[in-house]
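**Q** Here you go, one structure.
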Amino acid sequence: MTNKAFLIKTFGCQMNDRDSEIMAQLLGEAGYIETSEMEQADLIILNTCSIRAKAEQKVMSLLGVLRKHKKRKPHLKICVAGCVAQQEGQEIIRRMNHVDLVIGTQSIYQIVDLLDNLNDHSVATGLEDDYIIPSFIPNLKPKGKNSDSPEVFRKFLTIMQGCNNYCSYCVVPYTRGREISRTVNDIIEEAHALVDAGVQEITLLGQNVNSYGQTNAVTESPQNYTFADLLREVAQIDGLKRLRFTTSNPKDLSDDLMSCFAEIDILCKQFHLPVQSGSNNVLSAMHRKYTRELYLEKVAALRKYCPEIALTTDVIVGFPGETDEDFEQTMSLLEEVQYHGSYSFKYSDRPGTRSQHFENKVAEEVKAKRLARFQSRQDEITMLHNRNYVGNVYPVMIERNEAEKMVARTASNLLVHFSDLSSCNVAGDIVPALITHAGQHSLQGELHQKKD
Ligand code: SAH
Ligand code: SF4
Ligand code: F3S
């Protein structure tokens, strides 16, 4: 099975992005070659997401296209990985005889073996409660040799898998399994490998990083080691310029973690703190285990530690039973918090979740209206925040410096478009940017020349 070409298409969240990188590395080490052309691929992997019905439909329609493609190219192998694979794997294999392998979220490290030993339609979707995430060292090109890989300055590092929260609408506990933390040693070793290879910015990943180490598996680490401890330890790594993390459940947000924003220089002053709803009735039905009041207290405390922190959130509109008054509570929370940005979604029924069986489902038109109202008010607030950048100077990290695209990113996570980067500025450099113009989704700026 050497020198076969593979293509991975990734859907969903950053965890899936990272899992795709891991599968690509393992396949590369086994002699496969990555391609971005479907026509050239001997193996196509869909790394799928099932968070909302729409995400799953996308995968199913792509599988339809691949069925025709395989008719023209019978030796093509098709593999479905990720959250849809985990939940619907048996069904996919039963209904779609052009799919050769279904590989669940805890089986990605076995991808090469599974492909080597393909039976007629293999399924690997075991989900173990005592799963141990294997040690894995990313294989990046060493410093200086990464010019063909512009993204190498910025990487994700998965610190935990799964989720124990069982919010009533969410598939993640079923698709990713119980919450399992990696050992501190593994994480630090991976972070060192990244920085040694020239990575300047690391984002620590987990569904609820705030509860890192609380449940299990941090075996070789000190007792009561917390996520804040981990942040401090990663931040010590020489050569790392920026540190971020995502994502957090407000119920587990500790004072100690908040204080990291005042304490750790390289920790970017941005926080994604999903609220989901501003109504206590809805929060309770969602099983989020915090109230609007507690959430607002946490936001106030966070702003005390770090007044300039850029806050973003996730919101679901039209959860079963959400009344007009409940939705107004979400709108008023938006007014109170004044988020820099948000991801908002219409509630979507998902298989296996409790809310799927709730009564009082909200009509599609009502959901659409609420979503449009929320998003249009959020856009106005985002624009006000973005205008505040104009005329000021911020350190930004360069992401691309090519004639047709010169972009950098603020610590608050906004893109800045340039027209005047010098050719000696490379991806990963931090330069001062004078912001000249604010758009809805990004800023424009120029290199700030210091006057002596
Ligand atoms: N772990 C994160 C969220 C991960 S899922 C947290 O606890 O906040 C990303 C987002 O998808 C969620 O924050 C939620 O807003 C949205 N989402 C999850 N399930 C959904 C559903 N059934 N319908 C609509 N949106 C959903
Ligand atoms: Fe899903 Fe809730 Fe876990 Fe987030 S905390 S992944 S929304 S169950
Ligand atoms: Fe989607 Fe799975 Fe991520 S459902 S959002 S890919 S954890």
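Ligands are numbered from 1 in the order shown, residues from 1 within each chain, and chains are lettered A, B, ... in the order they appear in the structure tokens.
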Based on DSSP run over this structure's backbone, return all residues of range 67-315 of chain A in strand (DSSP E or B), as number ranges by chain.

**A** A: 77-81, 101-103, 122-124, 154-158, 160-161, 180-181, 201-205, 242-246, 267, 270-272, 276, 310-315

**Q** Given the selection you just returned, output its residues as a file containing C-alpha atoms, formatted as a PDB file, in the first residue's frame.

**A**
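Resulting contents of part-v5.pdb:
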```pdb
ATOM      1  CA  LYS A  77     -11.154   3.476  -1.098  1.00  0.00           C
ATOM      2  CA  ILE A  78     -13.632   5.636   0.814  1.00  0.00           C
ATOM      3  CA  CYS A  79     -13.327   6.134   4.532  1.00  0.00           C
ATOM      4  CA  VAL A  80     -15.738   7.985   6.820  1.00  0.00           C
ATOM      5  CA  ALA A  81     -14.240   9.284  10.084  1.00  0.00           C
ATOM      6  CA  LEU A 101     -14.085   1.911   6.194  1.00  0.00           C
ATOM      7  CA  VAL A 102     -15.842   3.690   9.041  1.00  0.00           C
ATOM      8  CA  ILE A 103     -13.427   4.917  11.666  1.00  0.00           C
ATOM      9  CA  SER A 122     -14.821  -2.439   8.069  1.00  0.00           C
ATOM     10  CA  VAL A 123     -16.215  -0.551  11.039  1.00  0.00           C
ATOM     11  CA  ALA A 124     -14.074   0.640  13.965  1.00  0.00           C
ATOM     12  CA  ARG A 154       0.171  28.348  14.321  1.00  0.00           C
ATOM     13  CA  LYS A 155      -1.022  24.995  15.585  1.00  0.00           C
ATOM     14  CA  PHE A 156      -3.728  23.315  17.627  1.00  0.00           C
ATOM     15  CA  LEU A 157      -2.845  20.990  20.471  1.00  0.00           C
ATOM     16  CA  THR A 158      -5.565  18.667  21.782  1.00  0.00           C
ATOM     17  CA  MET A 160      -8.513  16.367  26.178  1.00  0.00           C
ATOM     18  CA  GLN A 161     -11.162  14.363  24.377  1.00  0.00           C
ATOM     19  CA  ILE A 180     -10.480  12.150  29.057  1.00  0.00           C
ATOM     20  CA  SER A 181      -7.501  14.393  29.731  1.00  0.00           C
ATOM     21  CA  GLU A 201       1.242  30.245  18.498  1.00  0.00           C
ATOM     22  CA  ILE A 202      -0.488  27.284  20.145  1.00  0.00           C
ATOM     23  CA  THR A 203      -4.204  26.868  20.794  1.00  0.00           C
ATOM     24  CA  LEU A 204      -5.008  24.284  23.466  1.00  0.00           C
ATOM     25  CA  LEU A 205      -8.107  22.337  22.502  1.00  0.00           C
ATOM     26  CA  ARG A 242       1.128  33.417  21.656  1.00  0.00           C
ATOM     27  CA  LEU A 243      -1.113  31.043  23.571  1.00  0.00           C
ATOM     28  CA  ARG A 244      -4.883  30.566  23.204  1.00  0.00           C
ATOM     29  CA  PHE A 245      -7.410  27.953  24.251  1.00  0.00           C
ATOM     30  CA  THR A 246     -10.893  26.838  23.357  1.00  0.00           C
ATOM     31  CA  LEU A 267      -1.952  34.493  26.718  1.00  0.00           C
ATOM     32  CA  GLN A 270      -9.666  36.801  24.051  1.00  0.00           C
ATOM     33  CA  PHE A 271     -12.132  34.383  25.560  1.00  0.00           C
ATOM     34  CA  HIS A 272     -14.736  32.225  23.870  1.00  0.00           C
ATOM     35  CA  GLN A 276     -26.224  29.380  24.613  1.00  0.00           C
ATOM     36  CA  ALA A 310     -12.420  40.303  23.664  1.00  0.00           C
ATOM     37  CA  LEU A 311     -15.375  38.071  24.487  1.00  0.00           C
ATOM     38  CA  THR A 312     -17.126  35.800  22.019  1.00  0.00           C
ATOM     39  CA  THR A 313     -19.898  33.299  22.539  1.00  0.00           C
ATOM     40  CA  ASP A 314     -22.160  30.607  21.056  1.00  0.00           C
ATOM     41  CA  VAL A 315     -25.938  30.987  21.102  1.00  0.00           C
TER      42      VAL A 315
END
```

**Q** What does the list of residues within 6 Å of ligand 3 look like if you count only C-alpha atoms and all ligand atoms, written as a PDB file with all heavy atoms, in the first residue's frame?

**A**
```pdb
ATOM      1  N   GLY A  12     -16.582  20.472  10.502  1.00  0.00           N
ATOM      2  CA  GLY A  12     -16.737  20.579  11.951  1.00  0.00           C
ATOM      3  C   GLY A  12     -15.693  21.427  12.630  1.00  0.00           C
ATOM      4  O   GLY A  12     -15.186  22.379  12.052  1.00  0.00           O
ATOM      5  N   CYS A  13     -15.362  21.039  13.857  1.00  0.00           N
ATOM      6  CA  CYS A  13     -14.609  21.931  14.737  1.00  0.00           C
ATOM      7  C   CYS A  13     -13.101  21.701  14.635  1.00  0.00           C
ATOM      8  O   CYS A  13     -12.628  20.843  13.906  1.00  0.00           O
ATOM      9  CB  CYS A  13     -15.066  21.714  16.172  1.00  0.00           C
ATOM     10  SG  CYS A  13     -14.704  20.065  16.772  1.00  0.00           S
ATOM     11  N   MET A  15     -11.187  20.307  16.694  1.00  0.00           N
ATOM     12  CA  MET A  15     -10.767  18.947  17.091  1.00  0.00           C
ATOM     13  C   MET A  15     -10.645  18.077  15.850  1.00  0.00           C
ATOM     14  O   MET A  15      -9.751  17.261  15.724  1.00  0.00           O
ATOM     15  CB  MET A  15     -11.810  18.250  17.945  1.00  0.00           C
ATOM     16  CG  MET A  15     -12.388  19.083  18.965  1.00  0.00           C
ATOM     17  SD  MET A  15     -11.661  18.706  20.519  1.00  0.00           S
ATOM     18  CE  MET A  15     -12.142  20.204  21.322  1.00  0.00           C
ATOM     19  N   ASN A  16     -11.612  18.253  14.947  1.00  0.00           N
ATOM     20  CA  ASN A  16     -11.559  17.473  13.718  1.00  0.00           C
ATOM     21  C   ASN A  16     -10.384  17.908  12.856  1.00  0.00           C
ATOM     22  O   ASN A  16      -9.743  17.083  12.218  1.00  0.00           O
ATOM     23  CB  ASN A  16     -12.874  17.630  12.943  1.00  0.00           C
ATOM     24  CG  ASN A  16     -13.797  16.453  13.164  1.00  0.00           C
ATOM     25  OD1 ASN A  16     -13.569  15.653  14.062  1.00  0.00           O
ATOM     26  ND2 ASN A  16     -14.828  16.356  12.357  1.00  0.00           N
ATOM     27  N   CYS A  49     -18.747  15.882  10.832  1.00  0.00           N
ATOM     28  CA  CYS A  49     -19.298  16.563  12.012  1.00  0.00           C
ATOM     29  C   CYS A  49     -20.795  16.310  12.069  1.00  0.00           C
ATOM     30  O   CYS A  49     -21.466  16.334  11.037  1.00  0.00           O
ATOM     31  CB  CYS A  49     -19.047  18.062  11.870  1.00  0.00           C
ATOM     32  SG  CYS A  49     -19.858  19.063  13.121  1.00  0.00           S
ATOM     33  N   SER A  50     -21.320  16.085  13.275  1.00  0.00           N
ATOM     34  CA  SER A  50     -22.768  15.861  13.353  1.00  0.00           C
ATOM     35  C   SER A  50     -23.434  16.802  14.350  1.00  0.00           C
ATOM     36  O   SER A  50     -24.499  16.500  14.878  1.00  0.00           O
ATOM     37  CB  SER A  50     -23.051  14.406  13.726  1.00  0.00           C
ATOM     38  OG  SER A  50     -22.472  14.117  14.969  1.00  0.00           O
ATOM     39  N   ILE A  51     -22.817  17.954  14.585  1.00  0.00           N
ATOM     40  CA  ILE A  51     -23.324  18.833  15.643  1.00  0.00           C
ATOM     41  C   ILE A  51     -24.740  19.343  15.337  1.00  0.00           C
ATOM     42  O   ILE A  51     -25.553  19.480  16.228  1.00  0.00           O
ATOM     43  CB  ILE A  51     -22.332  20.003  15.914  1.00  0.00           C
ATOM     44  CG1 ILE A  51     -22.578  20.621  17.267  1.00  0.00           C
ATOM     45  CG2 ILE A  51     -22.347  21.057  14.830  1.00  0.00           C
ATOM     46  CD1 ILE A  51     -22.034  19.860  18.415  1.00  0.00           C
ATOM     47  N   CYS A  83     -17.361  12.472  13.781  1.00  0.00           N
ATOM     48  CA  CYS A  83     -18.522  12.321  14.658  1.00  0.00           C
ATOM     49  C   CYS A  83     -19.704  11.628  13.997  1.00  0.00           C
ATOM     50  O   CYS A  83     -20.434  10.900  14.660  1.00  0.00           O
ATOM     51  CB  CYS A  83     -18.905  13.685  15.236  1.00  0.00           C
ATOM     52  SG  CYS A  83     -17.672  14.266  16.429  1.00  0.00           S
ATOM     53  N   VAL A 172     -22.036  15.643  21.341  1.00  0.00           N
ATOM     54  CA  VAL A 172     -20.599  15.412  21.577  1.00  0.00           C
ATOM     55  C   VAL A 172     -20.296  14.290  22.589  1.00  0.00           C
ATOM     56  O   VAL A 172     -19.431  13.453  22.328  1.00  0.00           O
ATOM     57  CB  VAL A 172     -19.880  16.737  21.941  1.00  0.00           C
ATOM     58  CG1 VAL A 172     -18.440  16.483  22.372  1.00  0.00           C
ATOM     59  CG2 VAL A 172     -19.907  17.680  20.746  1.00  0.00           C
TER      60      VAL A 172
END
```

**Q** Could the residues that lie within 9 Å of ligand 2, counting only C-alpha atoms and all ligand atoms, be listed as a VMD selection string?

**A** chain A and resid 51 162 to 174 176 179 206 to 208 247 to 249 274 276 286 to 288

**Q** Need to verify the contact set: Met383 in chain A, 8 Å, only C-alpha atoms, exclusion of same-chain residues closer than 5 positions in sequence. Can you return it as a ChimeraX atom specification?

**A** /A:438-440

**Q** Find, counting only C-alpha atoms and all ligand atoms, the residue in A:Pro432, A:Gly104, A:Gly445, A:Gly352 that gets nearest to ligand 1.

**A**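 Of all the options, A:Gly352 lies closest to ligand 1.
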
**Q** Mind listing the helix (DSSP H, G or I) residues of range 242-317 of chain A, per DSSP on the backbone, as a PyMOL selection string?

**A** chain A and resi 250-252+255-263+280-286+292-305

**Q** Based on the selection just made, write C-alpha atoms of those residues as a PDB file, in the first residue's frame.

**A**
```pdb
ATOM      1  CA  PRO A 250     -18.867  28.839  32.077  1.00  0.00           C
ATOM      2  CA  LYS A 251     -19.856  26.605  35.002  1.00  0.00           C
ATOM      3  CA  ASP A 252     -16.237  25.495  35.464  1.00  0.00           C
ATOM      4  CA  ASP A 255     -10.966  32.598  39.409  1.00  0.00           C
ATOM      5  CA  ASP A 256      -7.527  31.117  39.069  1.00  0.00           C
ATOM      6  CA  LEU A 257      -8.017  30.686  35.318  1.00  0.00           C
ATOM      7  CA  MET A 258      -9.341  34.228  34.968  1.00  0.00           C
ATOM      8  CA  SER A 259      -6.287  35.564  36.784  1.00  0.00           C
ATOM      9  CA  CYS A 260      -4.090  33.989  34.082  1.00  0.00           C
ATOM     10  CA  PHE A 261      -5.198  36.772  31.736  1.00  0.00           C
ATOM     11  CA  ALA A 262      -3.623  39.333  34.046  1.00  0.00           C
ATOM     12  CA  GLU A 263      -0.580  37.207  34.716  1.00  0.00           C
ATOM     13  CA  ASN A 280     -32.704  30.742  33.046  1.00  0.00           C
ATOM     14  CA  ASN A 281     -35.640  28.559  31.977  1.00  0.00           C
ATOM     15  CA  VAL A 282     -33.887  27.618  28.775  1.00  0.00           C
ATOM     16  CA  LEU A 283     -30.484  27.206  30.429  1.00  0.00           C
ATOM     17  CA  SER A 284     -32.034  24.816  32.880  1.00  0.00           C
ATOM     18  CA  ALA A 285     -33.755  22.796  30.119  1.00  0.00           C
ATOM     19  CA  MET A 286     -30.429  22.749  28.280  1.00  0.00           C
ATOM     20  CA  ARG A 292     -27.714  33.984  33.620  1.00  0.00           C
ATOM     21  CA  GLU A 293     -26.695  35.721  36.856  1.00  0.00           C
ATOM     22  CA  LEU A 294     -23.734  33.418  37.447  1.00  0.00           C
ATOM     23  CA  TYR A 295     -22.625  33.867  33.836  1.00  0.00           C
ATOM     24  CA  LEU A 296     -22.765  37.660  34.151  1.00  0.00           C
ATOM     25  CA  GLU A 297     -20.809  37.495  37.395  1.00  0.00           C
ATOM     26  CA  LYS A 298     -18.079  35.514  35.624  1.00  0.00           C
ATOM     27  CA  VAL A 299     -17.980  38.026  32.782  1.00  0.00           C
ATOM     28  CA  ALA A 300     -17.638  40.897  35.268  1.00  0.00           C
ATOM     29  CA  ALA A 301     -14.852  39.099  37.129  1.00  0.00           C
ATOM     30  CA  LEU A 302     -13.044  38.328  33.888  1.00  0.00           C
ATOM     31  CA  ARG A 303     -13.205  41.996  32.893  1.00  0.00           C
ATOM     32  CA  LYS A 304     -11.802  42.984  36.275  1.00  0.00           C
ATOM     33  CA  TYR A 305      -8.733  40.861  35.630  1.00  0.00           C
TER      34      TYR A 305
END
```

**Q** With only C-alpha atoms as the counted atoms, please give the residues lying no more than 10 Å from Gln236 in chain A, apart from itself and same-chain residues fewer than 5 positions off, as a list in words.

**A**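 My reading of the contact set: Leu231, Ile264 and Ile266 of chain A.
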
**Q** When distances are computed from only C-alpha atoms and all ligand atoms, which of A:Ala228, A:Ala433, A:Leu43, A:Ala53 shows the smallest separation from ligand 1?

**A**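 Of the candidates, the smallest distance to ligand 1 is held by A:Ala53.
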
**Q** Quick one, how far is CA of His340 in chain A from CA of Asn425 in chain A?

**A**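 Distance between the two atoms: 28.4 Å.
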
**Q** Choose the residue, out of A:Val275, A:Ile111, A:Val396, A:Leu76, that has the smallest atom-to-atom separation from ligand 1; count only C-alpha atoms and all ligand atoms.

**A**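 Using only C-alpha atoms and all ligand atoms, ligand 1 sits closest to A:Val275.
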
**Q** If you take only C-alpha atoms and a cut-off of 10 Å, which residues of range 227-323 of chain A touch range 371-378 of chain A, and what are their nearest atom pairs and distances in Å to one decimal, in chain and number order, as CSV?

**A**
```
residue,atom,partner,partner_atom,distance
A:Val315,CA,A:Phe374,CA,9.2
A:Ile316,CA,A:Leu371,CA,8.5
A:Val317,CA,A:Leu371,CA,6.2
A:Gly318,CA,A:Leu371,CA,8.4
```

**Q** Any chance you could export the current selection's C-alpha atoms as an mmCIF file, in the first residue's frame?

**A**
```
data_model
loop_
_atom_site.group_PDB
_atom_site.id
_atom_site.type_symbol
_atom_site.label_atom_id
_atom_site.label_comp_id
_atom_site.auth_asym_id
_atom_site.auth_seq_id
_atom_site.Cartn_x
_atom_site.Cartn_y
_atom_site.Cartn_z
ATOM 1 C CA VAL A 315 -25.938 30.987 21.102
ATOM 2 C CA ILE A 316 -28.733 28.600 20.207
ATOM 3 C CA VAL A 317 -32.083 30.171 19.307
ATOM 4 C CA GLY A 318 -35.373 28.317 19.271
#
```

**Q** Measuring atom to atom with only C-alpha atoms, identify which of A:Thr291, A:Ser135, A:Asn224, A:Thr353 is nearest to Ile22 in chain A.

**A**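 Ranked by minimum distance to Ile22 in chain A, first place goes to A:Ser135.
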
**Q** When you look at Gln110 in chain A with a cut-off of 12 Å (counting only C-alpha atoms), what residues show up, excluding the ones that are within fewer than 2 positions of it in the same chain? I need them as a ChimeraX atom specification.

**A** /A:22-23,26-27,30,81,101-108,112-118,123-126,133-134

**Q** Please measure the separation of CA of Ala411 in chain A and CA of Ile430 in chain A, giving the value in Å to one decimal.

**A** 10.2 Å

**Q** Out of A:Thr226, A:Thr183, A:Asn392, A:Thr175, which residue has the shortest atom-to-atom distance to ligand 1 when counting only C-alpha atoms and all ligand atoms?

**A**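 The closest residue to ligand 1 is A:Thr175.
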
**Q** Which one of A:Arg182, A:Lys289, A:Lys346, A:His437 sits closest to ligand 1 if you count only C-alpha atoms and all ligand atoms?

**A**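 Closest to ligand 1 of all the choices is A:Lys346.
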
**Q** Do you know which residues are at most 8 Å from Arg409 in chain A counting only C-alpha atoms, after dropping those on the same chain fewer than 5 positions away, and could you put them as a list of chain:residue names?

**A** A:Val396, A:Met397, A:Ile398, A:Glu399, A:Leu414, A:Leu415, A:Val416

**Q** Enter the distance from CA of Pro138 in chain A to CA of Lys4 in chain A, in Å, rounded to one decimal.

**A**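 CA of Lys4 in chain A lies at a distance of 21.5 Å from CA of Pro138 in chain A.
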